[in-house]
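> Quick one, input-v8.cif (mmCIF, C-alpha atoms and all ligand atoms):
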data_model
loop_
_atom_site.label_atom_id
_atom_site.label_comp_id
_atom_site.auth_asym_id
_atom_site.auth_seq_id
_atom_site.Cartn_x
_atom_site.Cartn_y
_atom_site.Cartn_z
CA MET A 1340 191.16 49.42 248.82
CA MET A 1341 194.06 47.37 247.45
CA VAL A 1342 197.26 47.65 249.51
CA ARG A 1343 200.21 47.73 247.14
CA SER A 1344 202.99 45.34 248.04
CA ASP A 1345 206.67 45.67 247.18
CA ARG A 1346 206.79 42.00 246.16
CA PHE A 1347 208.93 41.12 243.11
CA VAL A 1348 206.76 38.92 240.91
CA ILE A 1349 208.54 37.06 238.12
CA VAL A 1350 206.44 35.57 235.34
CA GLY A 1351 208.43 32.76 233.73
CA GLY A 1352 210.76 30.07 235.06
CA GLY A 1353 213.41 30.05 232.31
CA PRO A 1354 216.99 31.36 232.63
CA THR A 1355 215.74 34.97 232.55
CA GLY A 1356 213.35 34.51 235.47
CA HIS A 1357 215.91 32.50 237.40
CA ALA A 1358 218.72 35.03 236.88
CA ALA A 1359 216.41 37.89 237.87
CA ALA A 1360 215.45 36.27 241.17
CA ASP A 1361 219.08 35.48 241.98
CA ALA A 1362 220.36 38.94 241.00
CA TYR A 1363 217.59 40.67 242.97
CA ARG A 1364 218.70 38.92 246.15
CA LYS A 1365 222.42 39.45 245.41
CA ALA A 1366 221.72 43.17 244.88
CA GLY A 1367 220.16 43.34 248.35
CA GLY A 1368 216.49 43.17 247.32
CA GLU A 1369 214.57 42.27 250.47
CA ALA A 1370 210.97 42.01 249.33
CA GLU A 1371 209.21 38.69 248.75
CA VAL A 1372 210.18 37.09 245.45
CA PHE A 1373 207.45 35.08 243.77
CA LEU A 1374 208.34 33.18 240.59
CA LEU A 1375 205.35 31.89 238.62
CA SER A 1376 205.84 29.46 235.79
CA THR A 1377 203.87 27.37 233.35
CA ASP A 1378 206.66 24.80 233.63
CA THR A 1379 206.10 21.88 235.97
CA GLU A 1380 209.68 21.90 237.23
CA PRO A 1381 212.10 24.50 238.63
CA PRO A 1382 214.31 26.40 236.14
CA TYR A 1383 216.49 24.09 234.05
CA GLU A 1384 219.04 24.05 231.23
CA ARG A 1385 217.59 24.02 227.72
CA PRO A 1386 220.83 23.83 225.64
CA PRO A 1387 221.56 20.13 226.44
CA LEU A 1388 218.10 19.10 225.17
CA SER A 1389 219.32 19.13 221.55
CA LYS A 1390 222.84 17.97 222.44
CA GLU A 1391 224.17 15.72 225.25
CA PHE A 1392 220.79 15.05 226.85
CA LEU A 1393 219.25 13.96 223.53
CA ARG A 1394 222.20 11.65 222.90
CA GLY A 1395 221.87 10.16 226.39
CA GLU A 1396 225.37 11.32 227.37
CA VAL A 1397 223.98 13.20 230.38
CA GLY A 1398 220.90 12.42 232.41
CA GLU A 1399 218.21 14.25 234.33
CA ASP A 1400 220.67 15.46 236.95
CA ALA A 1401 222.36 17.70 234.33
CA LEU A 1402 219.20 19.74 233.80
CA PRO A 1403 218.33 21.72 236.98
CA LEU A 1404 219.95 25.15 237.14
CA GLU A 1405 220.25 24.90 240.92
CA GLN A 1406 220.47 22.28 243.66
CA PRO A 1407 217.20 21.45 245.43
CA GLY A 1408 216.80 23.86 248.31
CA PHE A 1409 218.32 26.87 246.50
CA TYR A 1410 215.03 28.70 246.13
CA ARG A 1411 213.92 28.13 249.72
CA GLU A 1412 217.33 29.20 251.05
CA HIS A 1413 217.15 32.45 249.06
CA GLY A 1414 213.56 33.22 249.98
CA ILE A 1415 212.29 32.69 246.43
CA GLU A 1416 208.82 31.19 246.32
CA LEU A 1417 208.17 29.02 243.25
CA ALA A 1418 204.63 28.57 241.95
CA LEU A 1419 204.91 25.99 239.18
CA ASP A 1420 202.37 24.74 236.66
CA ASP A 1421 200.28 27.88 237.13
CA PRO A 1422 200.28 30.13 234.01
CA VAL A 1423 199.75 33.83 234.50
CA ILE A 1424 196.71 34.76 232.43
CA ALA A 1425 196.33 38.47 233.16
CA LEU A 1426 198.35 41.47 234.24
CA ASP A 1427 196.63 44.56 235.63
CA THR A 1428 199.03 47.50 235.44
CA GLU A 1429 196.61 49.81 237.31
CA LYS A 1430 196.09 47.55 240.30
CA HIS A 1431 199.62 46.11 240.11
CA THR A 1432 198.43 42.52 240.14
CA VAL A 1433 198.84 39.34 238.12
CA SER A 1434 196.21 36.60 237.98
CA THR A 1435 196.88 32.96 237.36
CA ALA A 1436 194.97 30.07 235.77
CA SER A 1437 194.43 28.48 239.18
CA GLY A 1438 192.61 31.62 240.39
CA ARG A 1439 195.44 33.23 242.34
CA THR A 1440 195.80 37.04 242.33
CA VAL A 1441 199.22 38.32 243.35
CA SER A 1442 200.12 41.97 243.87
CA TYR A 1443 203.53 43.34 242.94
CA GLY A 1444 205.84 46.28 243.40
CA HIS A 1445 207.87 45.09 240.41
CA CYS A 1446 206.77 42.48 237.90
CA LEU A 1447 209.14 40.90 235.38
CA LEU A 1448 207.76 39.41 232.18
CA ALA A 1449 210.16 36.58 231.33
CA THR A 1450 207.76 34.42 229.37
CA GLY A 1451 210.27 33.51 226.66
CA ALA A 1452 209.08 31.93 223.47
CA GLU A 1453 207.46 28.81 222.12
CA PRO A 1454 208.12 26.79 218.97
CA VAL A 1455 206.17 27.79 215.88
CA ARG A 1456 204.18 25.06 214.18
CA PRO A 1457 203.75 26.06 210.54
CA LYS A 1458 200.18 26.14 209.23
CA LEU A 1459 200.58 22.98 207.13
CA PRO A 1460 198.58 19.76 206.94
CA GLY A 1461 199.55 17.45 209.81
CA ALA A 1462 201.92 19.92 211.47
CA HIS A 1463 199.68 20.25 214.53
CA HIS A 1464 199.48 16.53 215.17
CA PRO A 1465 200.87 15.85 218.67
CA ALA A 1466 203.12 13.07 217.32
CA VAL A 1467 204.89 15.69 215.21
CA LEU A 1468 207.41 16.94 217.75
CA THR A 1469 208.85 20.32 218.70
CA LEU A 1470 211.66 21.04 221.15
CA ARG A 1471 211.64 23.69 223.86
CA SER A 1472 210.72 22.37 227.32
CA ALA A 1473 212.40 19.59 229.27
CA ALA A 1474 209.21 17.57 228.77
CA SER A 1475 209.54 17.95 224.99
CA GLY A 1476 213.22 16.97 225.28
CA ARG A 1477 212.25 13.75 227.08
CA GLU A 1478 209.60 13.05 224.46
CA LEU A 1479 212.11 13.49 221.63
CA ARG A 1480 214.67 11.31 223.39
CA SER A 1481 212.19 8.50 223.85
CA ALA A 1482 210.83 8.83 220.27
CA ALA A 1483 214.43 8.50 219.01
CA LYS A 1484 214.76 5.16 220.78
CA ASN A 1485 211.90 3.71 218.73
CA ALA A 1486 212.73 5.22 215.34
CA ARG A 1487 215.21 4.30 212.62
CA SER A 1488 214.91 7.52 210.68
CA ALA A 1489 214.01 11.15 211.33
CA VAL A 1490 213.03 14.18 209.31
CA ILE A 1491 213.82 17.57 210.82
CA ALA A 1492 212.21 20.65 209.29
CA GLY A 1493 214.32 23.77 209.77
CA ALA A 1494 218.10 24.23 209.78
CA GLY A 1495 218.51 26.79 212.56
CA PHE A 1496 220.78 25.86 215.44
CA ILE A 1497 218.25 23.62 217.16
CA GLY A 1498 217.54 21.77 213.89
CA CYS A 1499 221.26 21.33 213.11
CA GLU A 1500 222.19 20.26 216.65
CA ALA A 1501 219.30 17.79 216.90
CA ALA A 1502 220.10 16.40 213.43
CA ILE A 1503 223.68 15.62 214.44
CA SER A 1504 222.59 14.15 217.79
CA LEU A 1505 219.99 11.88 216.18
CA SER A 1506 222.46 10.81 213.49
CA ARG A 1507 224.96 9.92 216.21
CA LEU A 1508 222.24 7.80 217.82
CA GLY A 1509 222.15 5.77 214.59
CA LEU A 1510 219.03 7.26 212.96
CA GLN A 1511 219.02 8.08 209.29
CA VAL A 1512 218.43 11.83 209.43
CA THR A 1513 217.11 14.12 206.71
CA LEU A 1514 217.28 17.84 207.41
CA LEU A 1515 214.98 20.10 205.40
CA CYS A 1516 216.70 23.43 204.87
CA PRO A 1517 214.49 26.05 203.20
CA ASP A 1518 217.44 28.24 202.13
CA GLU A 1519 220.26 27.38 199.76
CA LEU A 1520 222.52 26.75 202.77
CA PRO A 1521 221.85 26.18 206.50
CA GLN A 1522 221.50 29.52 208.33
CA TYR A 1523 222.31 31.40 205.13
CA ARG A 1524 220.50 34.53 206.26
CA ARG A 1525 222.09 34.68 209.70
CA LEU A 1526 225.64 33.46 208.90
CA GLY A 1527 226.01 34.13 205.17
CA ALA A 1528 227.34 31.77 202.50
CA ALA A 1529 230.70 31.06 204.19
CA GLY A 1530 229.08 30.14 207.52
CA GLY A 1531 226.36 28.15 205.77
CA ARG A 1532 228.93 26.11 203.81
CA LYS A 1533 230.78 25.25 207.03
CA LEU A 1534 227.57 24.04 208.64
CA LEU A 1535 226.61 22.04 205.56
CA HIS A 1536 230.01 20.35 205.54
CA TRP A 1537 229.77 19.49 209.25
CA LEU A 1538 226.24 18.13 208.91
CA LYS A 1539 227.24 15.93 205.98
CA SER A 1540 230.37 14.70 207.77
CA GLU A 1541 228.07 13.61 210.62
CA GLY A 1542 225.98 11.54 208.22
CA VAL A 1543 223.03 13.95 208.00
CA SER A 1544 221.35 14.17 204.62
CA VAL A 1545 220.60 17.85 204.00
CA LEU A 1546 217.96 18.83 201.46
CA THR A 1547 218.71 22.48 200.71
CA GLY A 1548 216.15 24.81 199.14
CA THR A 1549 213.46 22.46 200.45
CA ARG A 1550 210.42 23.32 202.49
CA LEU A 1551 208.12 21.05 204.41
CA LEU A 1552 204.70 20.84 202.76
CA GLY A 1553 202.92 18.61 205.26
CA VAL A 1554 202.93 15.42 207.27
CA ASP A 1555 200.50 12.61 206.42
CA GLU A 1556 199.17 9.91 208.71
CA GLY A 1557 201.97 7.43 209.43
CA TYR A 1558 204.75 10.04 209.36
CA ARG A 1559 204.98 10.45 205.62
CA VAL A 1560 206.55 13.83 205.03
CA ARG A 1561 205.83 15.84 201.90
CA THR A 1562 208.46 18.31 200.76
CA GLU A 1563 209.04 20.50 197.73
CA LEU A 1564 211.92 18.40 196.35
CA VAL A 1565 211.11 14.85 197.42
CA PRO A 1566 207.37 14.12 197.12
CA MET A 1567 207.23 11.64 199.99
CA LEU A 1568 209.65 10.71 202.78
CA ASP A 1569 208.74 7.80 205.04
CA THR A 1570 210.09 8.29 208.53
CA GLY A 1571 209.64 7.27 212.15
CA LEU A 1572 210.12 10.70 213.71
CA VAL A 1573 209.30 14.24 212.63
CA LEU A 1574 210.76 17.23 214.47
CA LEU A 1575 209.70 20.78 213.64
CA ALA A 1576 212.55 23.20 214.24
CA THR A 1577 210.81 25.97 212.38
CA GLY A 1578 211.53 28.92 214.64
CA ILE A 1579 210.04 30.40 217.77
CA GLN A 1580 207.31 32.85 218.64
CA PRO A 1581 207.84 35.12 221.67
CA ARG A 1582 205.02 34.97 224.23
CA PHE A 1583 204.14 38.67 224.31
CA GLU A 1584 200.33 38.44 224.49
CA LEU A 1585 200.13 38.99 228.27
CA ALA A 1586 201.90 42.33 227.85
CA GLU A 1587 199.89 43.31 224.80
CA ARG A 1588 196.57 42.61 226.53
CA ALA A 1589 197.76 44.75 229.47
CA GLY A 1590 198.37 47.69 227.10
CA ILE A 1591 202.17 47.56 227.35
CA ALA A 1592 204.13 48.73 224.29
CA VAL A 1593 205.01 45.86 221.96
CA SER A 1594 207.06 45.96 218.75
CA ASN A 1595 208.10 43.22 216.31
CA GLY A 1596 206.11 40.71 218.35
CA ARG A 1597 208.15 41.40 221.48
CA VAL A 1598 207.77 43.53 224.58
CA CYS A 1599 209.59 46.87 224.35
CA ALA A 1600 212.05 47.52 227.16
CA ASP A 1601 214.75 50.10 227.82
CA GLU A 1602 218.37 49.25 228.67
CA HIS A 1603 217.32 48.69 232.31
CA MET A 1604 214.56 46.28 231.13
CA ARG A 1605 211.75 48.71 232.08
CA THR A 1606 208.64 48.53 229.92
CA SER A 1607 206.11 51.27 229.20
CA ALA A 1608 204.16 50.34 232.39
CA ALA A 1609 205.37 51.54 235.78
CA GLY A 1610 206.96 48.71 237.75
CA VAL A 1611 206.78 46.22 234.88
CA LEU A 1612 210.01 44.86 233.40
CA ALA A 1613 210.59 42.53 230.45
CA ALA A 1614 213.72 40.56 229.58
CA GLY A 1615 215.01 37.52 227.68
CA ASP A 1616 213.58 36.07 224.47
CA VAL A 1617 210.26 37.91 224.92
CA ALA A 1618 211.85 41.36 225.10
CA PHE A 1619 212.78 43.87 222.44
CA ALA A 1620 215.22 45.64 224.72
CA TYR A 1621 217.40 48.63 224.03
CA ASN A 1622 221.10 47.82 223.91
CA ALA A 1623 223.05 50.90 224.98
CA ALA A 1624 226.19 50.00 222.97
CA ALA A 1625 224.23 49.23 219.81
CA ALA A 1626 222.05 52.32 220.41
CA ARG A 1627 218.96 50.41 219.25
CA PRO A 1628 216.62 47.73 220.54
CA LEU A 1629 217.57 44.14 219.66
CA ALA A 1630 215.69 40.86 219.40
CA VAL A 1631 217.85 38.05 220.79
CA GLU A 1632 217.18 34.39 221.43
CA HIS A 1633 220.30 33.24 223.26
CA TRP A 1634 220.94 31.64 226.62
CA ASP A 1635 223.72 33.94 227.89
CA ASP A 1636 221.75 37.04 226.92
CA ALA A 1637 218.71 35.69 228.73
CA LEU A 1638 220.84 35.31 231.87
CA ARG A 1639 222.34 38.80 231.49
CA MET A 1640 219.04 40.53 230.75
CA GLY A 1641 217.44 38.69 233.68
CA GLU A 1642 220.28 39.84 235.91
CA ILE A 1643 219.74 43.46 234.85
CA ALA A 1644 216.00 43.16 235.49
CA GLY A 1645 216.64 41.75 238.98
CA ARG A 1646 219.04 44.56 239.81
CA THR A 1647 216.66 47.20 238.45
CA ALA A 1648 213.89 45.77 240.66
CA ALA A 1649 216.27 45.99 243.64
CA GLY A 1650 217.01 49.64 242.85
CA VAL A 1651 220.58 49.07 241.65
CA ARG A 1652 221.53 50.75 238.39
CA ASP A 1653 222.62 48.44 235.58
CA GLU A 1654 222.21 48.54 231.83
CA TRP A 1655 222.38 46.21 228.83
CA ARG A 1656 225.32 46.97 226.58
CA THR A 1657 227.04 43.64 225.91
CA PRO A 1658 226.82 42.35 222.32
CA PRO A 1659 224.44 39.40 222.01
CA GLY A 1660 226.08 36.07 221.44
CA PHE A 1661 225.59 32.36 221.53
CA ARG A 1662 227.61 29.21 221.69
CA SER A 1663 226.53 26.13 219.81
CA LEU A 1664 227.86 22.59 219.93
CA LEU A 1665 227.41 20.63 216.72
CA GLY A 1666 228.51 17.18 217.76
CA ASP A 1667 232.01 17.94 219.07
CA ARG A 1668 232.48 21.13 217.08
CA GLY A 1669 231.95 24.36 218.96
CA LEU A 1670 230.83 27.62 217.41
CA LYS A 1671 230.85 31.03 219.05
CA PHE A 1672 228.93 33.91 217.55
CA ALA A 1673 228.69 37.51 218.74
CA ALA A 1674 226.73 39.95 216.60
CA TRP A 1675 224.20 42.73 216.76
CA GLY A 1676 222.13 40.33 214.66
CA ASP A 1677 220.36 42.81 212.42
CA GLY A 1678 222.26 42.40 209.18
CA PHE A 1679 225.66 42.68 207.45
CA ASP A 1680 226.81 43.51 203.93
CA ASP A 1681 230.13 41.66 203.91
CA ALA A 1682 231.40 38.38 205.41
CA GLU A 1683 235.14 37.62 205.36
CA LEU A 1684 236.25 34.04 206.06
CA VAL A 1685 239.70 33.63 207.64
CA GLN A 1686 240.78 29.99 207.63
CA HIS A 1687 243.24 29.05 210.41
CA ASP A 1688 245.10 25.78 210.92
CA ASP A 1689 243.13 22.54 210.77
CA GLU A 1690 239.42 23.23 210.86
CA ALA A 1691 239.62 26.45 212.91
CA PHE A 1692 238.17 29.55 211.31
CA THR A 1693 236.84 33.05 211.92
CA ILE A 1694 234.21 34.89 209.90
CA TRP A 1695 234.13 38.67 210.29
CA TYR A 1696 230.78 40.31 209.50
CA ARG A 1697 230.81 43.97 208.53
CA ARG A 1698 228.29 46.63 207.64
CA GLU A 1699 229.50 49.78 205.91
CA GLY A 1700 233.04 48.77 206.87
CA ALA A 1701 232.35 48.39 210.62
CA VAL A 1702 232.49 44.99 212.36
CA VAL A 1703 228.94 43.97 213.32
CA GLY A 1704 229.59 40.32 214.12
CA VAL A 1705 232.12 37.51 214.50
CA LEU A 1706 231.72 33.75 214.16
CA THR A 1707 234.53 31.49 215.33
CA HIS A 1708 235.39 27.81 215.55
CA ASP A 1709 238.43 27.04 217.74
CA ALA A 1710 239.56 30.68 217.48
CA ASP A 1711 238.78 32.10 220.92
CA GLU A 1712 241.18 35.02 220.62
CA ASP A 1713 239.32 36.27 217.55
CA TYR A 1714 236.03 35.82 219.38
CA GLU A 1715 237.26 37.94 222.30
CA ARG A 1716 238.69 40.54 219.90
CA GLY A 1717 235.47 40.62 217.90
CA SER A 1718 233.27 40.96 220.99
CA ALA A 1719 235.46 43.80 222.25
CA LYS A 1720 235.22 45.58 218.88
CA LEU A 1721 231.46 45.33 218.97
CA SER A 1722 231.14 46.90 222.40
CA ALA A 1723 233.83 49.56 221.78
C1 LIG A 1801 216.80 22.75 222.65
C2 LIG A 1801 217.34 24.13 222.83
C3 LIG A 1801 218.73 24.33 222.78
C4 LIG A 1801 219.24 25.62 222.90
N1 LIG A 1801 220.59 25.78 222.85
C5 LIG A 1801 221.13 27.02 222.97
C6 LIG A 1801 222.53 27.21 222.91
O1 LIG A 1801 223.30 26.26 222.76
N2 LIG A 1801 223.02 28.49 223.04
C7 LIG A 1801 222.18 29.56 223.20
O2 LIG A 1801 222.66 30.70 223.32
N3 LIG A 1801 220.82 29.40 223.28
C8 LIG A 1801 220.28 28.16 223.16
N4 LIG A 1801 218.92 28.00 223.23
C9 LIG A 1801 218.06 29.19 223.41
C10 LIG A 1801 217.87 29.52 224.89
O3 LIG A 1801 217.48 28.36 225.58
C11 LIG A 1801 216.83 30.63 225.04
O4 LIG A 1801 217.35 31.80 224.45
C12 LIG A 1801 216.49 30.88 226.51
O5 LIG A 1801 215.92 29.74 227.10
C13 LIG A 1801 215.54 32.07 226.67
O6 LIG A 1801 215.26 32.21 228.01
P1 LIG A 1801 213.91 32.92 228.60
O7 LIG A 1801 213.97 32.74 230.07
O8 LIG A 1801 213.82 34.28 228.03
O9 LIG A 1801 212.72 32.08 227.98
P2 LIG A 1801 212.32 30.55 228.16
O10 LIG A 1801 213.55 29.72 228.38
O11 LIG A 1801 211.44 30.22 227.02
O12 LIG A 1801 211.48 30.50 229.50
C14 LIG A 1801 210.22 31.07 229.58
C15 LIG A 1801 209.53 30.59 230.82
O13 LIG A 1801 208.30 31.27 230.95
C16 LIG A 1801 207.27 30.35 231.28
N5 LIG A 1801 206.00 30.95 230.86
C17 LIG A 1801 205.59 31.25 229.61
N6 LIG A 1801 204.38 31.86 229.62
C18 LIG A 1801 204.02 31.94 230.92
C19 LIG A 1801 202.89 32.44 231.61
N7 LIG A 1801 201.88 33.01 230.95
N8 LIG A 1801 202.85 32.34 232.94
C20 LIG A 1801 203.88 31.80 233.63
N9 LIG A 1801 204.98 31.30 233.04
C21 LIG A 1801 205.06 31.37 231.71
C22 LIG A 1801 207.68 29.08 230.55
O14 LIG A 1801 207.05 27.96 231.07
C23 LIG A 1801 209.18 29.11 230.82
O15 LIG A 1801 209.45 28.61 232.10
C24 LIG A 1801 218.37 26.72 223.10
C25 LIG A 1801 216.99 26.51 223.17
C26 LIG A 1801 216.47 25.24 223.04
C27 LIG A 1801 214.99 25.02 223.11
#
Would you encode the structure as structure tokens?

Amino acid sequence: MMVRSDRFVIVGGGPTGHAAADAYRKAGGEAEVFLLSTDTEPPYERPPLSKEFLRGEVGEDALPLEQPGFYREHGIELALDDPVIALDTEKHTVSTASGRTVSYGHCLLATGAEPVRPKLPGAHHPAVLTLRSAASGRELRSAAKNARSAVIAGAGFIGCEAAISLSRLGLQVTLLCPDELPQYRRLGAAGGRKLLHWLKSEGVSVLTGTRLLGVDEGYRVRTELVPMLDTGLVLLATGIQPRFELAERAGIAVSNGRVCADEHMRTSAAGVLAAGDVAFAYNAAAARPLAVEHWDDALRMGEIAGRTAAGVRDEWRTPPGFRSLLGDRGLKFAAWGDGFDDAELVQHDDEAFTIWYRREGAVVGVLTHDADEDYERGSAKLSA
């Protein structure tokens, strides 16, 4: 007979997993904490990988989320480089690739997401880069040292940030933007025009309305507009795919390619929680589940999961938001993220601006550059 443990097992060593372990201890959770990760290193910062780290302005020491010794001191056991391959919700166990079986009282799925490689000729070649892990960040940084030009497919935040960083490193950068403006669907025309202006002012050549069609041997990139671009570096920034398969195979409810969770991060299986990029969690203020892919939300959702596992009541109700740094220009965005029907640009002094997003007259998002008061006001309106 299997003896059930009260161990808190965390699957995933990103910000969500890290925040959950920390919050569990801070909330007085006393059971063993076991954090399993596919990563080969303890939890680290991802945001600098497309920004200061890529440009060489900060080094390796800027990446770890905690000082060495933190996990030992807090009784958090790390099991790195050992992917969890199965979850048994009846027996309350997870099994890993190395053959380990670990029983849990609570299990948090914090498996995040991985970059999507479009199904195009050449896109799966290992020399065609993506950016998510620290290892991929190092690979991109070293590829940039040996290249004079780069083509980046995808004008989401990672694509835009990496384009500016590579341009600042002296590479001739072409950014393929499938829409008429960068991030047109997320930020609307006004936001897209701001981004386009910033990218151009940083020396990035932006091909709007242009999709990648494939990558030939020798880094020749085929696109819709320009038949052939010769380059030394290709980066795919073509979106991410949440890693929800573990949950789906275990029979846990999944929707929109993410793991369903309530506002306390509880899934449909007893004792199993999900949070961060992989989750489709219910936001109590929005009164609907939301898909978010932002650092601060990953930390907050992880914190809630850790507290729930420790038996302390907490719920997700803050509006999702991210900060981006495009060269030296900061952007702050808070929004429910599931659509707007009106976007009003308010231009302040110099370059500062605010864009208010509304749906049926109600504020559903705010984007600011150097307008922190508006950002605070907008965030407060969202959660009111
Ligand atoms: C280059 C870059 C820059 C970014 N910049 C910003 C920014 O400026 N602002 C912002 O808001 N957001 C930014 N983001 C997004 C932000 O990093 C993510 O939203 C956040 O990392 C999500 O955290 P997570 O813990 O849910 O998932 P992840 O960070 O993806 O972590 C998932 C973890 O789970 C592990 N894992 C996966 N499957 C398994 C398995 N089967 N078994 C065990 N472990 C597993 C992985 O190895 C990883 O450790 C950026 C992302 C990238 C890649």
> Taking all atoms listed in the file into account, name the residue in A:Glu1429, A:Glu1416, A:Asp1378, A:Asp1361 that is nearest to ligand LIG 1801 (chain A).
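Nearest candidate to ligand LIG 1801 (chain A) out of A:Glu1429, A:Glu1416, A:Asp1378, A:Asp1361: A:Asp1378.
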> Could you list the protein, DNA and RNA residues that have any atom within 6 Å of ligand LIG 1801 (chain A), counting all atoms listed in the file, and write them as an mmCIF file with C-alpha atoms, in the coordinates of the input?

data_model
loop_
_atom_site.group_PDB
_atom_site.id
_atom_site.type_symbol
_atom_site.label_atom_id
_atom_site.label_comp_id
_atom_site.auth_asym_id
_atom_site.auth_seq_id
_atom_site.Cartn_x
_atom_site.Cartn_y
_atom_site.Cartn_z
ATOM 1 C CA VAL A 1350 206.440 35.570 235.340
ATOM 2 C CA GLY A 1351 208.430 32.760 233.730
ATOM 3 C CA GLY A 1352 210.760 30.070 235.060
ATOM 4 C CA GLY A 1353 213.410 30.050 232.310
ATOM 5 C CA PRO A 1354 216.990 31.360 232.630
ATOM 6 C CA THR A 1355 215.740 34.970 232.550
ATOM 7 C CA GLY A 1356 213.350 34.510 235.470
ATOM 8 C CA LEU A 1375 205.350 31.890 238.620
ATOM 9 C CA SER A 1376 205.840 29.460 235.790
ATOM 10 C CA THR A 1377 203.870 27.370 233.350
ATOM 11 C CA ASP A 1378 206.660 24.800 233.630
ATOM 12 C CA ARG A 1385 217.590 24.020 227.720
ATOM 13 C CA PRO A 1386 220.830 23.830 225.640
ATOM 14 C CA LEU A 1388 218.100 19.100 225.170
ATOM 15 C CA SER A 1389 219.320 19.130 221.550
ATOM 16 C CA PRO A 1422 200.280 30.130 234.010
ATOM 17 C CA VAL A 1423 199.750 33.830 234.500
ATOM 18 C CA ILE A 1424 196.710 34.760 232.430
ATOM 19 C CA ALA A 1449 210.160 36.580 231.330
ATOM 20 C CA THR A 1450 207.760 34.420 229.370
ATOM 21 C CA GLY A 1451 210.270 33.510 226.660
ATOM 22 C CA ALA A 1452 209.080 31.930 223.470
ATOM 23 C CA LEU A 1470 211.660 21.040 221.150
ATOM 24 C CA ARG A 1471 211.640 23.690 223.860
ATOM 25 C CA ILE A 1497 218.250 23.620 217.160
ATOM 26 C CA GLY A 1615 215.010 37.520 227.680
ATOM 27 C CA ASP A 1616 213.580 36.070 224.470
ATOM 28 C CA VAL A 1617 210.260 37.910 224.920
ATOM 29 C CA GLU A 1632 217.180 34.390 221.430
ATOM 30 C CA HIS A 1633 220.300 33.240 223.260
ATOM 31 C CA TRP A 1634 220.940 31.640 226.620
ATOM 32 C CA ASP A 1635 223.720 33.940 227.890
ATOM 33 C CA ALA A 1637 218.710 35.690 228.730
ATOM 34 C CA PHE A 1661 225.590 32.360 221.530
ATOM 35 C CA ARG A 1662 227.610 29.210 221.690
ATOM 36 C CA SER A 1663 226.530 26.130 219.810
#
> Determine the nearest neighbour of A:Arg1652 from the options A:Lys1430, A:Leu1419, A:Ala1366, A:Tyr1523, counting only C-alpha atoms.
A:Ala1366
> Given all atoms listed in the file as the basis, pick out the residue of A:Gly1678, A:Ala1618, A:Lys1539, A:Glu1715 nearest to A:Glu1699.
A:Gly1678
> Go through A:Pro1407, A:Gly1578, A:Gly1641, A:Gly1395 one by one, measure the shortest atom-to-atom distance of each to A:Val1455 using all atoms listed in the file, and give the residue with the smallest value.
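Under the stated criterion, the closest residue is A:Gly1578.
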> When distances are computed from only C-alpha atoms, which of A:Pro1460, A:Gly1557, A:Gly1476, A:Gly1645 shows the smallest separation from A:Glu1384?
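Ranked by minimum distance to A:Glu1384, first place goes to A:Gly1476.
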> Residues at most 12 Å from stretch 1684-1692 of chain A, counting all atoms listed in the file, excluding those fewer than 6 positions away in the same chain, as a ChimeraX atom specification?
/A:1526-1533,1536-1537,1668-1672,1705-1714
> Quick one: of A:Leu1575, A:Ala1613, A:Ala1474, A:Ala1492, who's nearest to A:Ile1591, counting all atoms listed in the file?
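Once distances to A:Ile1591 are computed over all atoms listed in the file, the minimum belongs to A:Ala1613.
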